[in-house]
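Colleague: My questions will all concern the structure given below.
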Amino acid sequence: MIDIKRIKADKEKIEKALSKRMGECSLDEIVRLDDEKLKLQQALEKLQQLRNINSKKIARLKSNNEDISDLVLETKSIGEKINSIANLLSTIKLELNDKLASLPNIPDDDLVSGGKENNQVLYQFLKKTQFDFLPKDHVELEKNLGLIDYDRGVKLAGQGSWIYTNEGARLEWALLNYCINEHIKDGWNFMLVPHMLNYECGYVAGQFPKFQEEVYWIDNFNDKNGKFLLPTAETALVNLHRNEILDESELPKKYFSYTPCYRREAGSSRKEERGIIRGHQFNKIEMVQFTLPEESDKAFEEMLTKAENLVKGLGLHYQLSKLAAGDCSASMCRTYDVEIWIPSMGIYKEISSVSNCRDYQARRGNIKYKNSITGKSNYINTLNGSGLATSRLLPAILEQFQQLDGSVIVPEVLRKYMGGLEVIESKKKKVLKK
RNA sequence: GGAGCAGUACUCAAGAGGCUGAAGAGGCUCCCCUGCUAAGGGAGUAGAUCGGGUUAAACUGGUGCGAGGGUUCAAAUCCCUCCUGCUCCGCCA
């Protein structure tokens with residue numbers, strides 16, 4: 001949610017900034033609605049004041065046994081006016097709120113406009129893997145090595161579902177453990193959150209109302225108390241302090257969580273998203289940080305570094321991309337993606353998306369902090385970043401670290417989570433090295 | 001899932017249609033006394049939010065007693081719906 005005062009103070013500038021991500025954009029209607037809202041509110045409050053005064057007067061007269069009938073009649077008609085204005089006001093407020101809530105966040109000044117095609121690669125770690133043999137793609141490797149059972153996944157849950165089997169499950173689990181332990185080492189707070197959330201969570205995160213059809217609803221979302229399966233742990237973590245006023249001394253607050261992410265992904269199966277690259281349920285560890293406004297840029301760098309270090313630790317080739325305004329999700333002011341090299345496809349796939357949301361979600365969720373000097377409260381800043389999407393890391397590891405004989409070298413940092421396993425080999429000649 | 005009870009500020013709590021602009025206690029802040037602990041005395045303490053006002057304050061109006069509606073000139077108080085907690089019953093890894 002963008003601050004309406006900011007919109008009114010700086011309309012053209014904000015319109016221009018928003019047009020970087022959504023094309024032509026006019027805020028005239030929003031400004032008009034807010035003006036009208038203020039006018040009605042002032043009229044309403046005047047009448048309310050009058051009614052309060054009269055009511056007191058009635059109480060006094062009545063205790064003296066004086067006649068109150070005229071005053072009651074007059075006050076009653078004030079009450080009727082109040083009702084009609086209040087109704088009008090609440091309609092306008094709803095309309096204004098709908099319009100404001102559907103605006104995306106203001107992209108940072110340094111972002112280029114346009115969509116994905118304008119993303120800039122900032123950095124590459126290591127080089128593309130060179131093979132002196134014909135490398136296999138991850139689906140083939142997963143099948144040969146018995147790591148993923150696609151057929152039975154489909155049998156159990158339909159298209160877009162799979163089963164991690166044996167060493168595949170262990171590798172995935174090792175990746176999760178690796179990430180979790182690194183975050184704990186960095187002093188972040190580990191949270192295991194509910195996977196079924198209420199509507200408010202999606203709204204605060206900025207995913208609703210726009211994307212409310214892209215999550216799985218346990219109940220109908222028209223039902224006020226309906227719940228949905230979270231599409232990312234961000235949706236839960238960002239809501240941790242909803243409607244709270246935190247003490248400045250508690251900040252920053254750093255949380256991470258592991259959850260599967262449940263997404264409909266309707267109609268999005270393409271060739272380069274075969275297999276485990278995109279599905280209806282994938283594993284991800286998500287970081288969320290709550291900071292003072294003046295510290296969110298620093299926090300952004302911290303989270304980006306953390307995400308990158310996790311990939312570096314695995315020894316994988318990746319690139320860092322700065323997203324163009326139109327490619328950032330609606331709630332975010334800026335987003336950098338960590339993208340992993342998938343040799344068989346010849347492309348880089350996102351495994352972490354680190355974003356600064358500034359006060360957009362905090363406004364939606366009424367998340368504030370109290371300034372220790374002025375005693376005043378102000379909106380907090382929120383940031384989020386994957387650390388990391390393990391379900392995409394696994395295919396990258398298989399493809400980048402595959403050997404001529406079809407085996408795959410296990411990254412060193414993962415071995416301790418896999419009983420010392422160094423190489424994943426085909427079942428028939430599997431050897432456990434020490 | 002069913003039944004009963006409850007939800008008031010940082011915490012506990014009084015409150016049963018107008019003198020509540022929410023008593024009282026604890027806590028917290030400040031001051032005094034004693035003196036580095038403990039104890040005692042005094043003062044302050046609705047935070048939040050939306051307006052008006054101001055360079056900023058001061059000042060000022062509205063909202064507010066779990067949430068949302070309703071009744072009434074007037075609601076913490078009466079009525080309805082919902083949410084949450086506790087107790088009991090049912091079900092159950």
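By convention here, the chains of the structure tokens are called A, B, ... in the order presented, each chain's residues are numbered starting at 1, and ligands are numbered starting at 1 in the order presented.
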Going by DSSP on the backbone, which bits of region 220-255 of chain A are strand (DSSP E or B)? Write them as a compact mmCIF listing (two decimals) with C-alpha atoms, in the first residue's frame, please.
Modeller:
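Everything below was put into part.txt:
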```
# COMPACT_ATOMS: atom_id res chain seq x y z
CA LYS A 227 -7.77 -20.82 4.37
CA PHE A 228 -5.24 -21.28 1.60
CA LEU A 229 -1.98 -23.17 1.28
CA ILE A 245 3.98 -2.02 17.45
CA LEU A 246 7.52 -3.22 17.99
CA ASP A 247 10.04 -1.51 20.15
CA LYS A 253 14.08 -8.93 13.47
CA LYS A 254 15.40 -11.73 11.30
CA TYR A 255 13.38 -14.85 10.59
```
Colleague: Write down as JSON, numbers by chain the residues belonging to region 36-285 of chain A that are assigned alpha helix (DSSP H) by DSSP computed on the backbone.
Modeller: {"A": [36, 37, 38, 39, 40, 41, 42, 43, 44, 45, 46, 47, 48, 49, 50, 51, 52, 53, 54, 55, 56, 57, 58, 59, 60, 61, 62, 63, 69, 70, 71, 72, 73, 74, 75, 76, 77, 78, 79, 80, 81, 82, 83, 84, 85, 86, 87, 88, 89, 90, 91, 92, 93, 94, 95, 96, 97, 98, 99, 100, 101, 138, 139, 140, 141, 142, 143, 144, 145, 150, 151, 152, 153, 154, 155, 156, 157, 167, 168, 169, 170, 171, 172, 173, 174, 175, 176, 177, 178, 179, 180, 181, 182, 183, 184, 185, 199, 200, 201, 202, 203, 204, 205, 234, 235, 236, 237]}
Colleague: Listing only residues of chain A within 10 Å of chain B, what is the closest atom pair and its distance in Å (to one decimal) for each, using only C-alpha atoms (C1' of nucleotides), sorted by chain and residue number ascending, as a Markdown table?
Modeller:
```
| residue | atom | partner | partner_atom | distance |
| --- | --- | --- | --- | --- |
| A:Leu38 | CA | B:G51 | C1' | 7.8 |
| A:Lys39 | CA | B:G51 | C1' | 9.9 |
| A:Gln41 | CA | B:G51 | C1' | 7.5 |
| A:Gln42 | CA | B:G51 | C1' | 6.8 |
| A:Leu44 | CA | B:G62 | C1' | 8.4 |
| A:Glu45 | CA | B:G62 | C1' | 5.2 |
| A:Lys46 | CA | B:G61 | C1' | 7.5 |
| A:Leu47 | CA | B:G62 | C1' | 9.7 |
| A:Gln48 | CA | B:G62 | C1' | 7.2 |
| A:Gln49 | CA | B:G61 | C1' | 7.1 |
| A:Arg51 | CA | B:C73 | C1' | 7.9 |
| A:Asn52 | CA | B:A74 | C1' | 8.0 |
| A:Asn54 | CA | B:C73 | C1' | 7.5 |
| A:Ser55 | CA | B:A74 | C1' | 5.5 |
| A:Lys56 | CA | B:G18 | C1' | 7.1 |
| A:Lys57 | CA | B:G18 | C1' | 9.5 |
| A:Ile58 | CA | B:C73 | C1' | 7.3 |
| A:Ala59 | CA | B:G18 | C1' | 5.2 |
| A:Arg60 | CA | B:G18 | C1' | 8.1 |
| A:Lys62 | CA | B:G18 | C1' | 9.2 |
| A:Ser63 | CA | B:G18 | C1' | 9.2 |
| A:Ile68 | CA | B:C73 | C1' | 9.1 |
| A:Ser69 | CA | B:C73 | C1' | 9.1 |
| A:Asp70 | CA | B:C73 | C1' | 10.0 |
| A:Leu71 | CA | B:C73 | C1' | 7.5 |
| A:Val72 | CA | B:C73 | C1' | 4.6 |
| A:Leu73 | CA | B:C73 | C1' | 7.2 |
| A:Glu74 | CA | B:C73 | C1' | 8.1 |
| A:Thr75 | CA | B:C73 | C1' | 5.3 |
| A:Lys76 | CA | B:C73 | C1' | 5.7 |
| A:Ser77 | CA | B:C73 | C1' | 9.3 |
| A:Ile78 | CA | B:C73 | C1' | 9.2 |
| A:Gly79 | CA | B:C73 | C1' | 8.3 |
| A:Lys224 | CA | B:C82 | C1' | 9.8 |
| A:Asn225 | CA | B:C83 | C1' | 9.6 |
| A:Ile245 | CA | B:A48 | C1' | 9.7 |
| A:Ser377 | CA | B:A48 | C1' | 9.4 |
```
Colleague: Taking only C-alpha atoms into account, which of A:Glu142, A:Glu272, A:Glu399, A:Glu286 comes nearest Val354 (chain A)?
Modeller: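 So, comparing all the options, the nearest one is A:Glu286.
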Colleague: Which residue gives the smallest distance to Val193 (chain A) among A:Ser90, A:Ser84, A:Ser355, A:Thr232, with only C-alpha atoms counted?
Modeller: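 Of A:Ser90, A:Ser84, A:Ser355, A:Thr232, the one nearest Val193 (chain A), counting only C-alpha atoms, is A:Thr232.
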Colleague: Give me, as a list of chain:residue names, all polymer residues having an atom no more than 12 Å from C10 (chain B), counting only C-alpha atoms (C1' of nucleotides) and skipping those fewer than 2 positions away in the same chain.
Modeller: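 My reading of the contact set: B:C12, B:G26, B:G27, B:C28, B:U45, B:A46, B:G47.
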Colleague: Could those selected residues go to a file with N, CA and C atoms (P, O5', C5', C4', C3', O3' and C1' of nucleotides), as an mmCIF file, in the first residue's frame?
Modeller:
```cif
data_model
loop_
_atom_site.group_PDB
_atom_site.id
_atom_site.type_symbol
_atom_site.label_atom_id
_atom_site.label_comp_id
_atom_site.auth_asym_id
_atom_site.auth_seq_id
_atom_site.Cartn_x
_atom_site.Cartn_y
_atom_site.Cartn_z
ATOM 1 P P C B 12 -3.934 -9.613 32.025
ATOM 2 O "O5'" C B 12 -4.384 -9.382 33.543
ATOM 3 C "C5'" C B 12 -4.117 -10.375 34.523
ATOM 4 C "C4'" C B 12 -4.515 -9.874 35.880
ATOM 5 C "C3'" C B 12 -5.985 -9.542 36.076
ATOM 6 O "O3'" C B 12 -6.777 -10.691 36.289
ATOM 7 C "C1'" C B 12 -4.679 -7.831 37.026
ATOM 8 P P G B 26 -0.234 -0.558 44.442
ATOM 9 O "O5'" G B 26 0.390 -1.575 43.387
ATOM 10 C "C5'" G B 26 0.744 -2.894 43.791
ATOM 11 C "C4'" G B 26 1.065 -3.731 42.582
ATOM 12 C "C3'" G B 26 2.228 -3.251 41.727
ATOM 13 O "O3'" G B 26 3.489 -3.597 42.281
ATOM 14 C "C1'" G B 26 0.420 -3.805 40.330
ATOM 15 P P G B 27 4.707 -2.583 42.167
ATOM 16 O "O5'" G B 27 4.972 -2.564 40.589
ATOM 17 C "C5'" G B 27 5.488 -3.716 39.922
ATOM 18 C "C4'" G B 27 5.436 -3.504 38.429
ATOM 19 C "C3'" G B 27 6.254 -2.329 37.910
ATOM 20 O "O3'" G B 27 7.610 -2.713 37.704
ATOM 21 C "C1'" G B 27 4.088 -2.234 36.976
ATOM 22 P P C B 28 8.760 -1.675 38.094
ATOM 23 O "O5'" C B 28 8.610 -0.578 36.959
ATOM 24 C "C5'" C B 28 8.859 -0.905 35.594
ATOM 25 C "C4'" C B 28 8.394 0.219 34.702
ATOM 26 C "C3'" C B 28 8.968 1.589 35.036
ATOM 27 O "O3'" C B 28 10.260 1.767 34.484
ATOM 28 C "C1'" C B 28 6.637 1.778 34.746
ATOM 29 P P U B 45 -1.581 12.090 34.425
ATOM 30 O "O5'" U B 45 -1.146 10.689 33.786
ATOM 31 C "C5'" U B 45 -0.325 10.664 32.630
ATOM 32 C "C4'" U B 45 0.030 9.249 32.291
ATOM 33 C "C3'" U B 45 -1.110 8.251 32.401
ATOM 34 O "O3'" U B 45 -2.083 8.384 31.383
ATOM 35 C "C1'" U B 45 0.805 7.300 33.341
ATOM 36 P P A B 46 -3.552 8.285 31.659
ATOM 37 O "O5'" A B 46 -3.996 7.361 30.484
ATOM 38 C "C5'" A B 46 -3.195 6.233 30.222
ATOM 39 C "C4'" A B 46 -3.149 6.063 28.748
ATOM 40 C "C3'" A B 46 -3.090 7.365 27.958
ATOM 41 O "O3'" A B 46 -1.768 7.582 27.585
ATOM 42 C "C1'" A B 46 -4.721 5.830 27.091
ATOM 43 P P G B 47 -1.186 8.631 26.496
ATOM 44 O "O5'" G B 47 -0.642 7.708 25.316
ATOM 45 C "C5'" G B 47 0.363 6.763 25.580
ATOM 46 C "C4'" G B 47 0.126 5.487 24.799
ATOM 47 C "C3'" G B 47 -0.170 5.628 23.297
ATOM 48 O "O3'" G B 47 0.988 5.853 22.517
ATOM 49 C "C1'" G B 47 -1.654 4.086 24.213
#
```
Colleague: Show me, as a PDB file with N, CA and C atoms, in the first residue's frame, the residues that have an atom within 9 Å of Cys357 (chain A) when counting only C-alpha atoms (C1' of nucleotides), minus same-chain residues fewer than 6 positions from it.
Modeller:
```pdb
ATOM      1  N   ASN A 105       3.854  -1.445  -5.625  1.00  0.00           N
ATOM      2  CA  ASN A 105       4.784  -0.568  -4.914  1.00  0.00           C
ATOM      3  C   ASN A 105       5.550   0.333  -5.891  1.00  0.00           C
ATOM      4  N   SER A 296      16.909  -0.512   5.779  1.00  0.00           N
ATOM      5  CA  SER A 296      16.490  -1.612   4.920  1.00  0.00           C
ATOM      6  C   SER A 296      17.439  -1.832   3.737  1.00  0.00           C
ATOM      7  N   SER A 331       4.648  -6.068  -4.724  1.00  0.00           N
ATOM      8  CA  SER A 331       4.888  -5.444  -3.423  1.00  0.00           C
ATOM      9  C   SER A 331       6.279  -4.837  -3.296  1.00  0.00           C
ATOM     10  N   MET A 332       7.153  -5.118  -4.253  1.00  0.00           N
ATOM     11  CA  MET A 332       8.567  -4.850  -4.033  1.00  0.00           C
ATOM     12  C   MET A 332       9.069  -3.585  -4.738  1.00  0.00           C
ATOM     13  N   CYS A 333       9.990  -2.885  -4.060  1.00  0.00           N
ATOM     14  CA  CYS A 333      10.635  -1.705  -4.642  1.00  0.00           C
ATOM     15  C   CYS A 333      11.829  -2.091  -5.488  1.00  0.00           C
ATOM     16  N   ARG A 334      12.472  -3.179  -5.097  1.00  0.00           N
ATOM     17  CA  ARG A 334      13.602  -3.661  -5.888  1.00  0.00           C
ATOM     18  C   ARG A 334      13.794  -5.142  -5.600  1.00  0.00           C
ATOM     19  N   THR A 335      14.245  -5.844  -6.632  1.00  0.00           N
ATOM     20  CA  THR A 335      14.459  -7.278  -6.501  1.00  0.00           C
ATOM     21  C   THR A 335      15.692  -7.693  -7.285  1.00  0.00           C
ATOM     22  N   ASN A 381      10.009  -1.476   7.879  1.00  0.00           N
ATOM     23  CA  ASN A 381      10.273  -1.964   6.528  1.00  0.00           C
ATOM     24  C   ASN A 381      10.382  -3.487   6.547  1.00  0.00           C
ATOM     25  N   THR A 382       9.904  -4.106   5.496  1.00  0.00           N
ATOM     26  CA  THR A 382      10.052  -5.568   5.403  1.00  0.00           C
ATOM     27  C   THR A 382      10.866  -5.928   4.167  1.00  0.00           C
ATOM     28  N   LEU A 383      11.621  -7.006   4.313  1.00  0.00           N
ATOM     29  CA  LEU A 383      12.392  -7.525   3.184  1.00  0.00           C
ATOM     30  C   LEU A 383      12.226  -9.033   3.173  1.00  0.00           C
ATOM     31  N   ASN A 384      12.366  -9.612   2.007  1.00  0.00           N
ATOM     32  CA  ASN A 384      12.322 -11.061   1.970  1.00  0.00           C
ATOM     33  C   ASN A 384      13.270 -11.583   0.912  1.00  0.00           C
TER      34      ASN A 384
END
```
Colleague: Show which residues sit within 12 Å of Ala174 (chain A), as a list of chain:residue names. Count only C-alpha atoms (C1' of nucleotides), and ignore same-chain residues fewer than 2 positions away.
Modeller: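 Contacts, with the query itself left out: A:Glu167, A:Gly168, A:Ala169, A:Arg170, A:Leu171, A:Glu172, A:Leu176, A:Asn177, A:Tyr178, A:Cys179, A:Ile180, A:Asn181, A:Leu314, A:Thr390, A:Ser391, A:Leu393, A:Leu394, A:Val410, A:Pro411, A:Glu412, A:Val413, A:Leu414, A:Arg415, A:Lys416, A:Tyr417, A:Met418, A:Gly419, A:Gly420, A:Leu421.
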Colleague: Can you write just those residues out, C-alpha atoms, as an mmCIF file, in the first residue's frame?
Modeller:
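Full text of again-v9.cif as output:
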```
data_model
loop_
_atom_site.group_PDB
_atom_site.id
_atom_site.type_symbol
_atom_site.label_atom_id
_atom_site.label_comp_id
_atom_site.auth_asym_id
_atom_site.auth_seq_id
_atom_site.Cartn_x
_atom_site.Cartn_y
_atom_site.Cartn_z
ATOM 1 C CA GLU A 167 19.192 -40.508 -2.263
ATOM 2 C CA GLY A 168 17.068 -37.910 -3.996
ATOM 3 C CA ALA A 169 15.205 -37.373 -0.736
ATOM 4 C CA ARG A 170 18.469 -37.351 1.173
ATOM 5 C CA LEU A 171 20.012 -34.830 -1.177
ATOM 6 C CA GLU A 172 17.007 -32.535 -0.901
ATOM 7 C CA LEU A 176 17.580 -27.931 3.497
ATOM 8 C CA ASN A 177 19.807 -28.778 6.446
ATOM 9 C CA TYR A 178 22.733 -26.972 4.912
ATOM 10 C CA CYS A 179 20.725 -23.793 4.429
ATOM 11 C CA ILE A 180 19.072 -24.011 7.833
ATOM 12 C CA ASN A 181 22.374 -24.426 9.631
ATOM 13 C CA LEU A 314 27.861 -25.418 -3.012
ATOM 14 C CA THR A 390 16.219 -26.268 -2.809
ATOM 15 C CA SER A 391 13.929 -27.958 -5.297
ATOM 16 C CA LEU A 393 19.096 -26.445 -6.553
ATOM 17 C CA LEU A 394 18.897 -30.184 -6.845
ATOM 18 C CA VAL A 410 27.950 -34.475 -4.009
ATOM 19 C CA PRO A 411 29.033 -30.950 -3.015
ATOM 20 C CA GLU A 412 31.376 -31.154 -0.079
ATOM 21 C CA VAL A 413 29.251 -29.073 2.278
ATOM 22 C CA LEU A 414 26.359 -31.501 1.894
ATOM 23 C CA ARG A 415 28.241 -34.702 2.591
ATOM 24 C CA LYS A 416 27.986 -34.497 6.340
ATOM 25 C CA TYR A 417 24.222 -34.466 5.976
ATOM 26 C CA MET A 418 24.317 -37.574 3.786
ATOM 27 C CA GLY A 419 26.368 -39.915 5.872
ATOM 28 C CA GLY A 420 29.554 -38.982 4.084
ATOM 29 C CA LEU A 421 28.290 -39.851 0.625
#
```
Colleague: Just want the 10 Å neighbourhood of region 117-134 of chain A, counted on only C-alpha atoms (C1' of nucleotides), with same-chain residues fewer than 3 positions away dropped. Output as number ranges by chain.
Modeller: A: 111-114, 137, 308, 311-312, 315-328, 336-344, 346, 399-405
Colleague: Could you give me, as a list in words, the residues within 12 Å of G2 (chain B), counting only C-alpha atoms (C1' of nucleotides) and dropping anything in the same chain fewer than 4 positions from it?
Modeller: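 The filter keeps C88, C89, G90 and C91 of chain B.
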Colleague: Write the residues of the preceding selection, restricted to C-alpha atoms (C1' of nucleotides), as a short mmCIF file (atom, residue, chain, number, x, y, z; two decimals), in the first residue's frame.
Modeller:
```cif
data_model
loop_
_atom_site.label_atom_id
_atom_site.label_comp_id
_atom_site.auth_asym_id
_atom_site.auth_seq_id
_atom_site.Cartn_x
_atom_site.Cartn_y
_atom_site.Cartn_z
"C1'" C B 88 -16.38 -30.31 30.14
"C1'" C B 89 -18.04 -33.90 26.32
"C1'" G B 90 -17.10 -36.20 21.44
"C1'" C B 91 -13.27 -37.47 17.80
#
```
